[in-house]
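Asks: Coordinates in start.txt, compact mmCIF, C-alpha atoms, are listed below.
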# COMPACT_ATOMS: atom_id res chain seq x y z
CA MET A 4 -10.79 32.98 56.75
CA ILE A 5 -8.87 32.78 60.01
CA ALA A 6 -6.51 29.79 60.13
CA PRO A 7 -7.71 27.00 62.42
CA PRO A 8 -5.92 26.44 65.75
CA ALA A 9 -3.15 23.90 66.13
CA THR A 10 -5.61 21.67 67.99
CA VAL A 11 -9.28 21.79 67.08
CA LYS A 12 -11.64 20.40 69.71
CA LEU A 13 -15.01 21.66 68.50
CA VAL A 14 -16.61 22.76 65.22
CA VAL A 15 -19.76 24.89 65.47
CA TRP A 16 -21.92 24.89 62.34
CA ASP A 17 -24.51 27.28 60.98
CA LEU A 18 -27.31 25.44 59.13
CA ASP A 19 -28.89 27.39 56.25
CA ASN A 20 -26.56 27.62 53.25
CA THR A 21 -23.77 26.15 55.38
CA LEU A 22 -24.54 22.63 56.55
CA TRP A 23 -27.22 22.41 53.88
CA ASP A 24 -28.08 24.39 50.76
CA GLY A 25 -31.23 26.50 51.04
CA THR A 26 -33.17 28.24 53.81
CA LEU A 27 -35.43 25.96 55.82
CA LEU A 28 -37.92 28.59 57.06
CA GLU A 29 -38.46 29.92 53.53
CA GLY A 30 -39.82 26.56 52.50
CA ASP A 31 -36.78 25.52 50.49
CA ARG A 32 -36.30 21.82 49.92
CA VAL A 33 -32.92 21.92 51.60
CA ALA A 34 -30.24 19.42 50.65
CA LEU A 35 -27.10 18.56 52.55
CA ARG A 36 -24.07 20.23 51.05
CA PRO A 37 -21.77 17.87 49.16
CA GLY A 38 -19.06 16.44 51.38
CA VAL A 39 -20.59 17.58 54.67
CA ARG A 40 -21.61 14.11 55.82
CA ASP A 41 -18.08 12.82 55.28
CA ILE A 42 -16.61 15.83 57.11
CA LEU A 43 -18.85 15.23 60.13
CA ALA A 44 -18.03 11.52 60.25
CA THR A 45 -14.28 11.98 59.73
CA LEU A 46 -13.87 14.68 62.36
CA ASP A 47 -16.03 12.69 64.78
CA GLN A 48 -13.64 9.76 64.40
CA HIS A 49 -10.75 12.16 65.01
CA GLY A 50 -12.26 13.08 68.39
CA ILE A 51 -13.41 16.53 67.24
CA LEU A 52 -16.85 17.49 68.54
CA HIS A 53 -19.66 19.21 66.62
CA SER A 54 -22.41 21.63 67.58
CA VAL A 55 -24.85 24.04 65.93
CA ALA A 56 -25.42 27.78 66.30
CA SER A 57 -28.19 28.80 63.93
CA ARG A 58 -30.97 31.38 63.66
CA SER A 59 -34.01 29.22 62.99
CA ASP A 60 -36.94 27.41 64.51
CA TYR A 61 -35.56 24.71 66.80
CA GLU A 62 -38.22 22.05 66.26
CA LEU A 63 -38.18 22.41 62.49
CA ALA A 64 -34.39 22.44 62.21
CA TRP A 65 -33.84 19.57 64.62
CA ARG A 66 -36.42 17.48 62.80
CA LYS A 67 -34.55 18.09 59.54
CA LEU A 68 -31.24 17.10 61.13
CA ALA A 69 -32.86 13.91 62.39
CA GLU A 70 -34.29 13.18 58.91
CA LEU A 71 -30.79 13.55 57.51
CA GLY A 72 -29.45 11.13 60.11
CA LEU A 73 -27.12 13.77 61.57
CA ALA A 74 -28.74 14.89 64.84
CA ASP A 75 -26.66 12.56 66.99
CA TYR A 76 -23.45 14.33 65.98
CA PHE A 77 -24.34 17.66 67.60
CA LEU A 78 -23.76 18.46 71.27
CA TYR A 79 -25.64 21.28 73.03
CA PRO A 80 -27.15 22.70 69.79
CA GLN A 81 -28.31 26.32 69.99
CA ILE A 82 -31.02 26.91 67.40
CA ASN A 83 -32.94 30.10 68.24
CA TRP A 84 -33.01 33.82 67.47
CA ASN A 85 -30.25 34.90 69.85
CA SER A 86 -26.88 36.22 68.66
CA LYS A 87 -24.54 33.64 67.17
CA SER A 88 -21.76 34.73 69.52
CA GLY A 89 -24.00 34.29 72.57
CA ASN A 90 -25.05 30.85 71.41
CA ILE A 91 -21.46 29.80 70.75
CA LYS A 92 -20.46 30.96 74.21
CA THR A 93 -23.27 28.83 75.68
CA ILE A 94 -21.95 25.81 73.78
CA ILE A 95 -18.35 26.42 74.87
CA ASP A 96 -19.40 26.81 78.50
CA SER A 97 -21.54 23.66 78.35
CA ILE A 98 -18.71 21.57 76.92
CA ASN A 99 -16.15 23.36 79.11
CA ILE A 100 -13.36 23.91 76.61
CA SER A 101 -11.17 26.85 75.67
CA ALA A 102 -12.54 29.17 72.97
CA ASP A 103 -9.28 29.12 71.05
CA THR A 104 -9.80 25.45 70.22
CA VAL A 105 -13.14 26.17 68.51
CA VAL A 106 -13.90 26.68 64.81
CA PHE A 107 -17.10 28.40 63.62
CA ILE A 108 -18.42 27.85 60.08
CA ASP A 109 -21.01 30.21 58.54
CA ASP A 110 -21.92 31.47 55.08
CA ASP A 111 -22.99 34.96 56.19
CA PRO A 112 -20.21 37.58 56.42
CA PHE A 113 -22.30 39.66 58.84
CA GLU A 114 -22.65 36.73 61.24
CA ARG A 115 -18.97 35.84 60.94
CA GLU A 116 -18.00 39.42 61.78
CA GLU A 117 -20.38 39.53 64.76
CA VAL A 118 -18.78 36.39 66.17
CA ARG A 119 -15.27 37.60 65.40
CA ARG A 120 -15.81 40.82 67.35
CA ALA A 121 -17.42 39.12 70.34
CA LEU A 122 -15.17 36.05 70.46
CA PRO A 123 -11.82 36.96 68.87
CA GLN A 124 -10.22 33.73 70.13
CA LEU A 125 -12.33 31.64 67.75
CA SER A 126 -11.23 30.54 64.30
CA ILE A 127 -13.84 31.36 61.67
CA ILE A 128 -14.31 29.71 58.30
CA ASP A 129 -16.50 30.78 55.38
CA ALA A 130 -18.87 27.94 54.48
CA ALA A 131 -17.69 28.28 50.87
CA ALA A 132 -14.21 27.15 51.96
CA ILE A 133 -14.95 23.85 53.67
CA ASP A 134 -13.63 21.63 50.87
CA GLY A 135 -10.50 19.91 52.17
CA LEU A 136 -11.34 20.85 55.76
CA THR A 137 -10.35 17.44 57.11
CA ASP A 138 -6.87 17.81 55.62
CA LEU A 139 -6.05 21.10 57.38
CA PRO A 140 -3.61 21.16 60.32
CA GLY A 141 -5.51 20.97 63.59
CA PHE A 142 -8.16 18.68 62.12
CA THR A 143 -5.78 15.79 61.48
CA PRO A 144 -4.30 14.21 64.62
CA ALA A 145 -1.24 12.09 63.98
CA VAL A 146 -2.76 9.26 65.99
CA ILE A 147 -6.42 8.57 66.82
CA THR A 148 -6.71 7.05 70.28
CA GLU A 149 -9.56 4.88 71.54
CA ASP A 150 -10.69 7.72 73.78
CA ALA A 151 -10.68 10.15 70.84
CA ALA A 152 -12.80 7.88 68.66
CA ARG A 153 -15.50 7.69 71.35
CA ARG A 154 -15.19 11.28 72.64
CA ARG A 155 -18.64 12.32 71.43
CA GLN A 156 -20.29 9.37 73.18
CA MET A 157 -18.49 10.25 76.41
CA TYR A 158 -19.70 13.86 76.18
CA GLN A 159 -23.22 12.64 75.49
CA ALA A 160 -23.00 10.55 78.66
CA ASP A 161 -21.74 13.67 80.47
CA ARG A 162 -24.88 15.50 79.41
CA VAL A 163 -27.07 12.76 80.85
CA ARG A 164 -25.05 12.99 84.08
CA LYS A 165 -25.61 16.75 84.23
CA GLU A 166 -29.33 16.32 83.72
CA ALA A 167 -29.41 13.68 86.45
CA GLU A 168 -27.49 16.00 88.77
CA GLU A 169 -29.81 18.94 88.08
CA SER A 170 -32.88 16.82 88.86
CA PHE A 171 -31.35 15.13 91.92
CA VAL A 172 -32.98 16.04 95.23
CA GLY A 173 -30.52 15.88 98.10
CA ALA A 174 -26.99 16.76 99.10
CA GLN A 175 -24.20 16.93 96.53
CA GLU A 176 -22.32 14.17 98.33
CA ASP A 177 -25.37 11.92 98.04
CA PHE A 178 -25.50 12.51 94.28
CA LEU A 179 -21.80 11.70 93.96
CA ALA A 180 -22.36 8.53 95.95
CA SER A 181 -25.13 7.54 93.55
CA LEU A 182 -22.63 7.61 90.67
CA ALA A 183 -20.64 4.67 92.11
CA MET A 184 -17.41 6.12 90.73
CA LYS A 185 -14.39 3.89 90.18
CA LEU A 186 -11.03 5.62 89.78
CA ALA A 187 -8.14 3.48 88.56
CA ILE A 188 -4.57 4.80 88.99
CA ALA A 189 -1.69 2.80 87.58
CA PRO A 190 1.71 3.13 85.92
CA ALA A 191 1.25 3.96 82.24
CA ARG A 192 1.80 1.05 79.90
CA ASP A 193 2.90 1.12 76.30
CA GLY A 194 -0.70 1.04 75.08
CA ASP A 195 -1.55 4.12 77.16
CA LEU A 196 1.12 6.41 75.73
CA ARG A 197 -0.82 7.78 72.78
CA ARG A 198 -3.60 8.85 75.12
CA VAL A 199 -1.04 10.34 77.53
CA GLU A 200 0.48 12.24 74.62
CA GLU A 201 -2.99 13.45 73.66
CA LEU A 202 -3.68 14.66 77.20
CA VAL A 203 -0.38 16.56 77.19
CA THR A 204 -1.07 18.30 73.87
CA ARG A 205 -4.82 18.90 74.28
CA THR A 206 -5.16 19.93 77.93
CA ASN A 207 -4.58 23.64 78.51
CA GLN A 208 -6.57 24.64 81.57
CA LEU A 209 -5.90 21.79 83.99
CA ASN A 210 -2.19 21.47 83.25
CA THR A 211 0.28 22.43 85.99
CA THR A 212 3.26 23.47 83.87
CA GLY A 213 2.36 23.42 80.18
CA TYR A 214 5.26 21.09 79.50
CA THR A 215 4.81 19.01 76.35
CA TYR A 216 6.46 15.67 75.64
CA SER A 217 6.57 13.50 72.56
CA TYR A 218 5.61 9.84 72.47
CA ASP A 219 9.28 8.83 72.55
CA GLU A 220 9.98 11.06 75.55
CA LEU A 221 6.97 9.68 77.41
CA ASN A 222 8.04 6.14 76.61
CA GLY A 223 11.48 6.96 77.99
CA PHE A 224 9.93 8.22 81.23
CA ARG A 225 7.74 5.12 81.42
CA GLN A 226 10.77 2.85 81.29
CA SER A 227 13.03 5.00 83.46
CA ALA A 228 13.83 3.91 87.00
CA ASP A 229 14.11 7.61 87.87
CA HIS A 230 10.54 8.50 86.92
CA VAL A 231 6.94 7.52 87.59
CA LEU A 232 4.40 8.03 84.82
CA LEU A 233 0.89 7.49 86.17
CA ILE A 234 -2.40 7.47 84.32
CA ALA A 235 -5.90 7.68 85.80
CA SER A 236 -9.14 6.31 84.38
CA LEU A 237 -12.68 6.88 85.64
CA GLU A 238 -16.04 5.19 85.20
CA ASP A 239 -19.43 5.39 86.87
CA THR A 240 -22.99 4.15 86.46
CA PHE A 241 -23.39 6.19 83.26
CA GLY A 242 -20.32 4.67 81.61
CA THR A 243 -16.63 5.40 81.18
CA TYR A 244 -14.95 8.78 81.13
CA GLY A 245 -11.87 7.14 79.62
CA LYS A 246 -8.35 8.07 80.66
CA ILE A 247 -8.78 11.42 82.35
CA GLY A 248 -5.49 12.26 84.07
CA MET A 249 -1.75 11.77 84.11
CA ALA A 250 1.18 12.61 86.35
CA LEU A 251 4.90 12.63 85.62
CA ILE A 252 7.06 12.34 88.72
CA ASP A 253 10.83 12.68 88.89
CA LYS A 254 12.33 10.38 91.55
CA SER A 255 15.54 11.93 92.81
CA PRO A 256 17.19 10.36 95.87
CA GLY A 257 15.18 11.35 98.95
CA ALA A 258 12.75 13.52 97.00
CA TRP A 259 10.08 13.19 94.35
CA THR A 260 8.98 16.08 92.15
CA ILE A 261 5.71 16.26 90.24
CA LYS A 262 6.89 17.64 86.90
CA LEU A 263 3.48 17.59 85.29
CA LEU A 264 -0.05 16.93 86.53
CA ILE A 265 -2.97 16.99 84.08
CA MET A 266 -6.67 16.39 84.53
CA SER A 267 -9.52 16.43 82.04
CA CYS A 268 -11.90 19.35 82.50
CA ARG A 269 -14.81 16.91 82.35
CA VAL A 270 -14.02 15.38 85.75
CA MET A 271 -12.65 18.21 87.87
CA SER A 272 -16.08 18.93 89.39
CA ARG A 273 -16.12 15.33 90.68
CA GLY A 274 -13.14 16.01 92.94
CA VAL A 275 -11.06 13.45 91.07
CA GLY A 276 -8.08 15.78 90.67
CA THR A 277 -7.77 16.14 94.43
CA ILE A 278 -8.07 12.37 94.89
CA PHE A 279 -5.34 11.77 92.29
CA LEU A 280 -3.04 14.32 93.95
CA ASN A 281 -3.59 12.87 97.41
CA HIS A 282 -2.79 9.41 96.07
CA ILE A 283 0.61 10.74 94.95
CA ILE A 284 1.15 12.41 98.34
CA ASP A 285 0.36 9.16 100.14
CA ARG A 286 2.60 7.15 97.81
CA SER A 287 5.57 9.45 98.44
CA ARG A 288 4.91 9.37 102.19
CA ARG A 289 4.97 5.58 102.21
CA ALA A 290 8.17 5.63 100.13
CA GLY A 291 9.77 7.79 102.83
CA VAL A 292 10.61 10.70 100.52
CA SER A 293 9.67 14.36 100.44
CA LEU A 294 7.32 15.53 97.69
CA ARG A 295 7.71 18.64 95.61
CA ALA A 296 5.73 19.95 92.66
CA GLU A 297 6.53 22.35 89.85
CA PHE A 298 4.03 24.95 88.71
CA ARG A 299 4.31 27.37 85.81
CA SER A 300 1.47 29.72 84.93
CA THR A 301 0.24 29.40 81.36
CA GLY A 302 -2.40 32.10 81.73
CA ARG A 303 -5.13 29.45 81.83
CA ASN A 304 -4.18 27.03 84.58
CA ARG A 305 -4.94 28.97 87.74
CA MET A 306 -7.24 26.17 88.87
CA MET A 307 -4.22 23.88 89.15
CA LEU A 308 -2.41 26.46 91.29
CA VAL A 309 -5.45 26.49 93.58
CA THR A 310 -5.44 22.67 93.60
CA TYR A 311 -1.86 22.60 94.87
CA LYS A 312 -2.48 25.24 97.52
CA PHE A 313 -5.67 23.62 98.80
CA GLY A 314 -3.85 20.30 98.72
CA GLY A 315 -1.43 21.49 101.40
CA PHE A 316 1.54 22.44 99.19
CA ARG A 317 3.53 25.53 100.14
CA GLU A 318 5.89 27.53 97.99
CA VAL A 319 9.56 26.90 98.81
CA ALA A 320 11.37 28.31 95.79
CA ARG A 321 10.88 30.37 92.67
CA SER A 322 12.96 30.79 89.54
CA GLY A 323 11.52 33.18 87.00
CA ASP A 324 8.01 31.92 86.25
CA LEU A 325 8.67 28.49 87.73
CA VAL A 326 7.31 27.95 91.25
CA ILE A 327 8.41 25.01 93.42
CA PHE A 328 5.95 23.74 96.00
CA GLU A 329 6.52 21.22 98.76
CA HIS A 330 4.17 19.06 100.80
CA ASP A 331 4.91 18.01 104.38
CA GLY A 332 3.61 14.49 103.71
CA ALA A 333 1.67 14.41 106.95
CA HIS A 334 -1.57 16.13 106.05
CA PHE A 335 -3.56 14.73 103.16
CA GLN A 336 -7.08 13.57 102.51
CA ARG A 337 -8.16 9.97 102.23
CA PRO A 338 -10.45 9.25 99.27
CA PRO A 339 -14.12 9.90 100.03
CA ALA A 340 -16.16 6.78 100.67
CA TYR A 341 -18.21 7.28 97.52
CA VAL A 342 -15.19 6.76 95.21
CA ASP A 343 -13.65 3.34 94.77
CA VAL A 344 -9.94 4.04 94.15
CA ARG A 345 -8.01 1.17 92.63
CA ALA A 346 -4.25 1.56 92.59
CA GLY A 347 -2.14 -0.41 90.13
CA ASP A 348 1.08 -2.29 90.85
CA GLU A 349 3.15 0.17 92.87
CA SER A 350 6.14 -2.14 92.72
CA GLU A 351 6.56 -0.95 89.14
CA THR A 352 7.22 2.58 90.36
Can you dump the structure from the file as structure tokens?

Replies:
Amino acid sequence: MIAPPATVKLVVWDLDNTLWDGTLLEGDRVALRPGVRDILATLDQHGILHSVASRSDYELAWRKLAELGLADYFLYPQINWNSKSGNIKTIIDSINISADTVVFIDDDPFEREEVRRALPQLSIIDAAAIDGLTDLPGFTPAVITEDAARRRQMYQADRVRKEAEESFVGAQEDFLASLAMKLAIAPARDGDLRRVEELVTRTNQLNTTGYTYSYDELNGFRQSADHVLLIASLEDTFGTYGKIGMALIDKSPGAWTIKLLIMSCRVMSRGVGTIFLNHIIDRSRRAGVSLRAEFRSTGRNRMMLVTYKFGGFREVARSGDLVIFEHDGAHFQRPPAYVDVRAGDESET
């Protein structure tokens, strides 16, 4: 068994002799493995997603999962005769998360080896070793936020959005307008800090510096007159996305510096990251200060580098792997008409 990652975001399950005992297509009267139902429910409450990669007949297997009352747990299930590694990659791409936050559980050593060779970033667990799974590091967040507890429901809403987008006839801007998006940006409050901490520790790809901060450090920034800690929330006609972005800004005399900018992968295609960044640019402009931004490559966050460059930031300094960008404050984009941006009390910043 390969040890699970420090942060587990997704567990992909095999079915036969893994999720349940027996082989469905051989006519076995399969029974759910002891403890599996509790594992699914506990990890779901922890904000850890589930999916299926299994070699079987889709209709038969899905009907059995529904009979067991478990079908609703599984996002983007891949039940077919393709390779397990190919199916897992499809799931990862659909959910849009990093492979090294994924755990795969299977009873068959051949299948585990096939996945290991194709996707070496994954953590792989023998189905015989799932007892105590919920107690392992990576599966047990110190704090369970409101957004974490409803993460599966938010991803299920995302899937409905994707299906609506794929069937929409018309321009992309018209589809975005149909969503009636509402973006709220406000100074983080005490009740937001656990979610901010979660964003900092869980977000790898859309993270400008990879800096991590504890709850106490974030609370210090929140209360500091020398910092701005912003949090962004998004909702649309399909429901809430939850709190999907944060920014930490250092306010030195005459200049602000974005120390950390994070966005959820689920919303980047909606252009929300650019809107959030332009809100900060406009706020600094109205405060009469210059705006800088730090960027440090983590090997995964190139999209955030592109975001800064397309946002009008230019490199002005470099120290080792730390790049300092600056914006002229004059050229920035107003929010598109199809997004209702609601800014919180700026007097607090």

Asks: Determine, counting all atoms listed in the file, which protein, DNA and RNA residues have an atom within 8 Å of an atom of Phe279 in chain A; residues of the same chain fewer than 4 positions away are not included. Present the result as a ChimeraX atom specification.

Replies: /A:188,235,275,283

Asks: Quick one: of A:Pro339, A:Gly213, A:Gly89, A:Gly242, who's nearest to Arg164 in chain A, counting all atoms listed in the file?

Replies: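 Of all the options, A:Gly242 lies closest to Arg164 in chain A.
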
Asks: Identify which of the residues A:Ala151, A:Ile94, A:Leu63, A:Ala130 lies closest to Gly50 in chain A, counting all atoms listed in the file when measuring atom-to-atom distances.

Replies: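 Between A:Ala151, A:Ile94, A:Leu63, A:Ala130, the residue approaching Gly50 in chain A most closely is A:Ala151.
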
Asks: Could you check which residues have any atom within 12 Å of (-37.1, 23.1, 65.7), counting all atoms listed in the file with coordinates taken straight from the file, and then list them as a tab-separated table (two decimals) with C-alpha atoms, in the coordinates of the input?

Replies:
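As a result, out_23.tsv now contains:
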chain	number	residue	atom	x	y	z
A	27	LEU	CA	-35.43	25.96	55.82
A	28	LEU	CA	-37.92	28.59	57.06
A	57	SER	CA	-28.19	28.80	63.93
A	58	ARG	CA	-30.97	31.38	63.66
A	59	SER	CA	-34.01	29.22	62.99
A	60	ASP	CA	-36.94	27.41	64.51
A	61	TYR	CA	-35.56	24.71	66.80
A	62	GLU	CA	-38.22	22.05	66.26
A	63	LEU	CA	-38.18	22.41	62.49
A	64	ALA	CA	-34.39	22.44	62.21
A	65	TRP	CA	-33.84	19.57	64.62
A	66	ARG	CA	-36.42	17.48	62.80
A	67	LYS	CA	-34.55	18.09	59.54
A	68	LEU	CA	-31.24	17.10	61.13
A	69	ALA	CA	-32.86	13.91	62.39
A	74	ALA	CA	-28.74	14.89	64.84
A	80	PRO	CA	-27.15	22.70	69.79
A	81	GLN	CA	-28.31	26.32	69.99
A	82	ILE	CA	-31.02	26.91	67.40
A	83	ASN	CA	-32.94	30.10	68.24
A	84	TRP	CA	-33.01	33.82	67.47

Asks: Do a neighbour search on Ser293 in chain A at 7 Å with all atoms listed in the file, toss out local chain neighbours closer than 3 positions, and write the hits as a VMD selection string.

Replies: chain A and resid 257 to 259 287 332

Asks: Within 12 Å of range 200-210 of chain A, which residues of range 114-170 of chain A show up? Give each one with its shortest atom-to-atom distance in Å (one decimal) and the two atoms involved, counting only C-alpha atoms, rows by chain then rising residue number, as CSV.

Replies:
residue,atom,partner,partner_atom,distance
A:Gly141,CA,A:Arg205,CA,10.9
A:Pro144,CA,A:Glu201,CA,9.2
A:Ala145,CA,A:Glu201,CA,9.9
A:Val146,CA,A:Glu201,CA,8.7
A:Ile147,CA,A:Glu201,CA,9.1
A:Thr148,CA,A:Glu201,CA,8.1
A:Glu149,CA,A:Glu201,CA,11.0
A:Asp150,CA,A:Glu201,CA,9.6
A:Ala151,CA,A:Glu201,CA,8.8

Asks: State, in Å with one decimal place, the distance from CA of Thr45 in chain A to CA of Asp239 in chain A.

Replies: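 CA of Thr45 in chain A sits 28.4 Å away from CA of Asp239 in chain A.
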
Asks: Please, what distance in Å, to one decimal, runs between CA of Phe298 in chain A and CA of Val231 in chain A?

Replies: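 If I compute the distance from CA of Phe298 in chain A to CA of Val231 in chain A, I get 17.7 Å.
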
Asks: Can you pull out every residue within 7 Å of range 100-114 of chain A, counting all atoms listed in the file, but drop anything in the same chain fewer than 3 positions away, and send it as a compact mmCIF listing (two decimals) with C-alpha atoms, in the coordinates of the input?

Replies:
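The resulting file, selection30.txt, is reproduced below:
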# COMPACT_ATOMS: atom_id res chain seq x y z
CA PRO A 7 -7.71 27.00 62.42
CA PRO A 8 -5.92 26.44 65.75
CA THR A 10 -5.61 21.67 67.99
CA VAL A 11 -9.28 21.79 67.08
CA LYS A 12 -11.64 20.40 69.71
CA LEU A 13 -15.01 21.66 68.50
CA VAL A 14 -16.61 22.76 65.22
CA VAL A 15 -19.76 24.89 65.47
CA TRP A 16 -21.92 24.89 62.34
CA ASP A 17 -24.51 27.28 60.98
CA ASN A 20 -26.56 27.62 53.25
CA THR A 21 -23.77 26.15 55.38
CA LYS A 87 -24.54 33.64 67.17
CA ILE A 95 -18.35 26.42 74.87
CA ASP A 96 -19.40 26.81 78.50
CA GLU A 117 -20.38 39.53 64.76
CA VAL A 118 -18.78 36.39 66.17
CA GLN A 124 -10.22 33.73 70.13
CA LEU A 125 -12.33 31.64 67.75
CA SER A 126 -11.23 30.54 64.30
CA ILE A 127 -13.84 31.36 61.67
CA ILE A 128 -14.31 29.71 58.30
CA ASP A 129 -16.50 30.78 55.38
CA ALA A 130 -18.87 27.94 54.48
CA ALA A 131 -17.69 28.28 50.87

Asks: Looking at all atoms listed in the file, which of A:Leu233, A:Tyr244, A:Ile133, A:Ser181 is the one that sits closest to Arg154 in chain A?

Replies: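 Closest candidate: A:Tyr244.
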
Asks: At what distance in Å, to one decimal, does CA of Thr301 in chain A lie from CA of Asp285 in chain A?

Replies: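 If I compute the distance from CA of Asp285 in chain A to CA of Thr301 in chain A, I get 27.6 Å.
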